[in-house]
Amino acid sequence: MQARYSFFSLARNALGYHENWPEAWRSPEPRGSYDVVVVGGGGHGLATAYYLAKEHGITNVAVIERGWLGGGNTGRNTTIVRSNYLWDESAALYEHALKLWEGLSQDLNYNVMFSQRGVLNLAHNQHDLRELQRRIRSNRLNGIDSEFLDAAGVKAFCPVIDLRSDGRYPVLGASLQRRGGTARHDAVAWGYARAADARGVHIVQNCPVTGFRISNGRIQGVETAKGYIEAKKVAVVTAGHSSVMANMAGFRLPVHSVPLQALVSEPVKPVIDCVVMSGAVHAYVSQSDKGELVIGAGVDKYVGYGQRGSLPVTEETLAAVCELFPLFRRMRMLRQWGGIVDVCPDASPIISKTPVQGLYFNCGWGTGGFKATPGSGWVFADTIANDNPHPLAAPYTLERFTTGYLIDEHGAAAVAH
Amino acid sequence: MLLIDCPHCGPRAELEFSYGHEAHIERPKDPDALSDSDWAAYLFLRENPKGVILERWVHSHGCRRWFNVARDTVSYEILAVYPMGAEPPKLEQARYV
Ligand SMILES: Cc1cc2nc3c(=O)[nH]c(=O)nc-3n(C[C@H](O)[C@H](O)[C@H](O)COP(=O)(O)OP(=O)(O)OC[C@H]3O[C@@H](n4cnc5c(N)ncnc54)[C@H](O)[C@@H]3O)c2cc1C
Ligand SMILES: [Zn+2]
C-alpha cells in the first residue's frame, strides 16, 4: 500500500528531513504476459492504464515506455487546458476531459497544479472576429463557458497586451474561457503513474517496443528491449511515433510527424496571470509559477523526428510576441525545445480499433492533446475494455477517413494548443 | 534550418522553399473505379517515415520550380536531390526505432 500524500504526511516527513519518502511507483521487471500492454508512457498512456484499473477492474496491465515517463510531448508541452472547440464531437470530448481535470488532483491524490486562470483567444481582423463569434456561440450551445471580450475588455483582463492602434497585430476582441488554464505537465504523468501503480499496474521505463507478434490477424504480444511480452490486448499511445508503430503492425496512418516548439524565458515577477493565445500569429504565452514566460511556437513545415524545431519558426513566434507584448522585448530566453507531434488532416485525434484484432491506437492529437489527457485515457480505456468505441470516441475511429466524416478543427486547434 | 540545394539555383536557405509533402503519390488514373478505401488511402494515408523520406519541394522565392528530395528525418541530412518524374535513387537506410 502506498502512503497517501496529505498535510500530515508532509509534516511527518519534514521531521525526517524529507529523506524517508517512499518511491512514488515501483519499477518491476516485466512479467511474461499481461491482459493489456500499453505502449507509451506519456500522459495519455498512463491515464489509459489508470482508468483500465479504476473503471474497468483490469489491473494485469503494463505500461511500456521507451525512455522516461512524460519524456515525450507530455513533458514538453505548454500545458494549455481548455475545451472551447467548434464541433459537437470535439466539444463533448474536450469538455469531458475538462470536467475530469477539475477533480483530478483529488482523484489521483497528487497535486497536478491545475490552475483555471482563464484562456484568451485573440482576434486580429474581421475574419478572426467572425470565426471567434461563431465558435463562442457553438460552445455555448454545447454548455461550455465561453465569453466574448471586446478590445477594452481584453485590455482590462490582460493589461500587458499592446492595444495601441498602430500595432502590427491589432486586437479587435477575444474569446475567454474562464475555466481554462494550465497544469503541471510532469505532475500529470507522475500522478497517473503513481495512482495506476497503486492499483497494480506495472510501469516499465527504458524499454522500447520494437515489434508486434501478430497471427491470424490477431495481436499476440510485443517485442521489447527486455524480451517478448505476451498480451491479450495492446494499446499504442506513442504520439509522434504512431506511424512508426503502425508500420511495425503492417498498416499506415493518416498522420504526419513534425516538431512543435516551445521556449521559456528567464524568470520574472508575476506579469501575466492568464493564458493568451493567438492562432493567427502563432504565439501563446502564459507564466509559470517559477516566473518564466512559457511561449508556444509553431510547427516545422516538413516531416521531422528531431526534437528541436527549425530556427525560422522560433524567430517568427518571438517576433509576434514582441509585437503583442512590447514589454517582453528585452527578456532573454533560457531554453528552447521541440516535441514530435502527429498531425491528422482534420486536426482531430484518432481513438480507434485497427485492422489487427486486439490492437488499439490512440494518436493524432497533434499540437493540442495535453488538455485532453484525462478524457482521452478515460474513453480509450473503455474502448479497450469493451472492444467497442466509447460513445465519445466513436466519431474518432480510423473509418472516418473512408466515410469522409472528418471533424475539421483547424479553426479551434490549428497549431493552437 | 535546412540548406537545400535547388537543382537550378544552388544551395539556398529553407525559408525560400515551400514543402510539397510525400513524393511519388500518383493520382488515380480511373477515379470512378476506385473504392472508398482506395480513395482514403490516396488522400490520407502516408509513410511518414522515421528515416529516409522522399518528398517534394518548390523553390517559391527563387526559380519557382519543383523537385524531389531524399532526406533523413532524424539527422535531417539531405541525401539526394532529383528531378520530378525521375525514379528515386537507391540509398542506404539508417534504422531507427
Ligand atoms: C511544444 C509543444 C507544446 C504543446 N502545447 C500544448 C498545449 O499547450 N496544450 C495541449 O493541450 N497540448 C499541447 N501539446 C500537445 C501535447 O503535448 C500532446 O498532444 C500530448 O502531450 C500527447 O500525449 P501522449 O501521452 O499521447 O504523448 P507523449 O507524451 O509524447 O507520449 C508518448 C510516449 O510514447 C513513447 N514511445 C514512442 N515510441 C515508443 C516505443 N517504440 N516503445 C515504447 N514507448 C514509445 C515516447 O517515448 C513517449 O513517452 C504541445 C506539444 C508540444 C510538443
Ligand atoms: Zn531554384
# chains A, B, ... in the order shown; residues from 1 in each chain; ligands from 1

call {"tool": "residues_near_ligand", "arguments": {"ligand": "ligand 1", "cutoff": "7 Å", "atoms": "only C-alpha atoms and all ligand atoms", "output": "JSON, numbers by chain"}}
result
{"A": [39, 40, 41, 42, 43, 44, 45, 64, 65, 66, 67, 68, 69, 70, 71, 72, 73, 74, 75, 76, 77, 78, 79, 80, 81, 207, 208, 209, 210, 237, 238, 239, 240, 241, 245, 259, 260, 261, 262, 296, 338, 339, 340, 341, 363, 365, 366, 367, 368, 369, 370, 371, 372, 373, 417], "B": [97]}

call {"tool": "residues_around", "arguments": {"residues": "Asp38 in chain B", "least_positions_apart": "4", "cutoff": "12 Å", "atoms": "only C-alpha atoms", "output": "count of residues only"}}
result
14

call {"tool": "residues_near_ligand", "arguments": {"ligand": "ligand 2", "cutoff": "6 Å", "atoms": "only C-alpha atoms and all ligand atoms", "output": "VMD selection string"}}
result
chain B and resid 6 8 to 9 59 62 to 63

call {"tool": "interface_residues", "arguments": {"of": "chain A", "to": "chain B", "cutoff": "6 Å", "atoms": "only C-alpha atoms", "output": "PyMOL selection string"}}
result
chain A and resi 252-254+256+304-306+310-311+401-402

call {"tool": "closest_residue", "arguments": {"among": "B:Arg64, B:Asp5, B:Lys29, B:Gln93", "to": "Ala80 in chain B", "atoms": "only C-alpha atoms"}}
result
B:Asp5

call {"tool": "atom_distance", "arguments": {"atom1": "CA of Pro349 in chain A", "atom2": "CA of Val264 in chain A"}}
result
27.2 Å

call {"tool": "closest_residue", "arguments": {"among": "A:Tyr169, A:Phe251, A:Tyr228, A:Tyr302", "to": "Gly211 in chain A", "atoms": "only C-alpha atoms"}}
result
A:Tyr228

call {"tool": "closest_residue", "arguments": {"among": "A:Ala347, A:Leu392, A:Ala152, A:Ala193", "to": "Phe380 in chain A", "atoms": "only C-alpha atoms"}}
result
A:Leu392

call {"tool": "select_by_dssp", "arguments": {"residues": "chain B", "states": "helix (DSSP H, G or I)", "output": "JSON, numbers by chain"}}
result
{"B": [14, 15, 16, 31, 32, 33, 36, 37, 38, 39, 40, 41, 42, 43]}

call {"tool": "write_last_selection", "arguments": {"atoms": "all heavy atoms", "output": "tab-separated table (two decimals), in the first residue's frame"}}
result
chain	number	residue	atom	x	y	z
B	14	GLU	N	16.25	27.19	-46.28
B	14	GLU	CA	14.92	26.59	-46.19
B	14	GLU	C	13.79	27.60	-46.40
B	14	GLU	O	12.75	27.29	-46.98
B	14	GLU	CB	14.85	25.91	-44.81
B	14	GLU	CG	13.53	25.74	-44.18
B	14	GLU	CD	13.68	25.29	-42.71
B	14	GLU	OE1	14.71	24.70	-42.32
B	14	GLU	OE2	12.74	25.56	-41.94
B	15	LEU	N	13.99	28.82	-45.89
B	15	LEU	CA	12.95	29.85	-45.96
B	15	LEU	C	12.48	30.16	-47.37
B	15	LEU	O	11.36	30.63	-47.57
B	15	LEU	CB	13.51	31.15	-45.36
B	15	LEU	CG	13.41	31.32	-43.86
B	15	LEU	CD1	14.09	32.61	-43.45
B	15	LEU	CD2	11.94	31.33	-43.43
B	16	GLU	N	13.34	29.93	-48.37
B	16	GLU	CA	12.97	30.26	-49.75
B	16	GLU	C	12.07	29.21	-50.38
B	16	GLU	O	11.57	29.39	-51.47
B	16	GLU	CB	14.24	30.40	-50.61
B	16	GLU	CG	15.12	31.56	-50.20
B	16	GLU	CD	16.27	31.79	-51.18
B	16	GLU	OE1	16.26	31.18	-52.28
B	16	GLU	OE2	17.17	32.57	-50.83
B	31	PRO	N	-10.57	7.31	-61.48
B	31	PRO	CA	-11.18	7.59	-60.17
B	31	PRO	C	-12.53	6.89	-59.98
B	31	PRO	O	-12.86	6.49	-58.87
B	31	PRO	CB	-11.36	9.11	-60.17
B	31	PRO	CG	-10.46	9.62	-61.24
B	31	PRO	CD	-10.27	8.53	-62.25
B	32	ASP	N	-13.30	6.75	-61.05
B	32	ASP	CA	-14.63	6.14	-60.91
B	32	ASP	C	-14.56	4.71	-60.45
B	32	ASP	O	-15.49	4.19	-59.84
B	32	ASP	CB	-15.38	6.19	-62.26
B	32	ASP	CG	-15.75	7.62	-62.61
B	32	ASP	OD1	-15.82	8.43	-61.67
B	32	ASP	OD2	-15.93	7.91	-63.80
B	33	ALA	N	-13.45	4.05	-60.77
B	33	ALA	CA	-13.33	2.63	-60.44
B	33	ALA	C	-12.83	2.41	-59.00
B	33	ALA	O	-12.73	1.28	-58.54
B	33	ALA	CB	-12.38	1.95	-61.42
B	36	ASP	N	-13.99	3.29	-51.82
B	36	ASP	CA	-13.84	4.34	-50.82
B	36	ASP	C	-12.52	4.20	-50.08
B	36	ASP	O	-11.85	5.19	-49.78
B	36	ASP	CB	-14.99	4.30	-49.81
B	36	ASP	CG	-16.28	4.84	-50.41
B	36	ASP	OD1	-16.24	5.34	-51.55
B	36	ASP	OD2	-17.32	4.76	-49.72
B	37	SER	N	-12.13	2.96	-49.78
B	37	SER	CA	-10.90	2.81	-49.00
B	37	SER	C	-9.66	3.10	-49.86
B	37	SER	O	-8.66	3.61	-49.35
B	37	SER	CB	-10.83	1.45	-48.34
B	37	SER	OG	-10.94	0.44	-49.30
B	38	ASP	N	-9.75	2.85	-51.18
B	38	ASP	CA	-8.64	3.25	-52.04
B	38	ASP	C	-8.52	4.77	-52.09
B	38	ASP	O	-7.43	5.33	-52.08
B	38	ASP	CB	-8.83	2.70	-53.47
B	38	ASP	CG	-8.64	1.20	-53.52
B	38	ASP	OD1	-7.99	0.67	-52.60
B	38	ASP	OD2	-9.15	0.56	-54.46
B	39	TRP	N	-9.67	5.45	-52.15
B	39	TRP	CA	-9.66	6.91	-52.12
B	39	TRP	C	-9.02	7.42	-50.82
B	39	TRP	O	-8.19	8.32	-50.82
B	39	TRP	CB	-11.09	7.48	-52.18
B	39	TRP	CG	-11.49	7.97	-53.53
B	39	TRP	CD1	-12.57	7.57	-54.24
B	39	TRP	CD2	-10.82	8.95	-54.33
B	39	TRP	NE1	-12.62	8.24	-55.44
B	39	TRP	CE2	-11.56	9.10	-55.53
B	39	TRP	CE3	-9.67	9.73	-54.16
B	39	TRP	CZ2	-11.19	9.99	-56.54
B	39	TRP	CZ3	-9.30	10.60	-55.18
B	39	TRP	CH2	-10.06	10.73	-56.35
B	40	ALA	N	-9.46	6.81	-49.73
B	40	ALA	CA	-8.93	7.23	-48.42
B	40	ALA	C	-7.41	7.05	-48.41
B	40	ALA	O	-6.68	7.92	-47.94
B	40	ALA	CB	-9.57	6.41	-47.31
B	41	ALA	N	-6.94	5.92	-48.96
B	41	ALA	CA	-5.51	5.67	-48.96
B	41	ALA	C	-4.79	6.72	-49.80
B	41	ALA	O	-3.76	7.27	-49.38
B	41	ALA	CB	-5.23	4.27	-49.50
B	42	TYR	N	-5.34	7.03	-50.97
B	42	TYR	CA	-4.71	8.02	-51.84
B	42	TYR	C	-4.69	9.40	-51.16
B	42	TYR	O	-3.68	10.10	-51.16
B	42	TYR	CB	-5.45	8.10	-53.17
B	42	TYR	CG	-5.15	9.35	-53.95
B	42	TYR	CD1	-3.86	9.57	-54.45
B	42	TYR	CD2	-6.13	10.31	-54.17
B	42	TYR	CE1	-3.57	10.73	-55.15
B	42	TYR	CE2	-5.85	11.47	-54.87
B	42	TYR	CZ	-4.56	11.69	-55.35
B	42	TYR	OH	-4.28	12.84	-56.03
B	43	LEU	N	-5.81	9.77	-50.57
B	43	LEU	CA	-5.91	11.12	-49.99
B	43	LEU	C	-5.15	11.27	-48.69
B	43	LEU	O	-4.53	12.30	-48.44
B	43	LEU	CB	-7.38	11.47	-49.73
B	43	LEU	CG	-8.25	11.79	-50.94
B	43	LEU	CD1	-9.69	11.98	-50.49
B	43	LEU	CD2	-7.73	13.04	-51.65

call {"tool": "atom_distance", "arguments": {"atom1": "CA of Met248 in chain A", "atom2": "CA of Asn386 in chain A"}}
result
24.6 Å

call {"tool": "residues_around", "arguments": {"residues": "Ile295 in chain A", "least_positions_apart": "3", "cutoff": "9 Å", "atoms": "only C-alpha atoms", "output": "ChimeraX atom specification"}}
result
/A:78,261-265,283-287,317-318,321
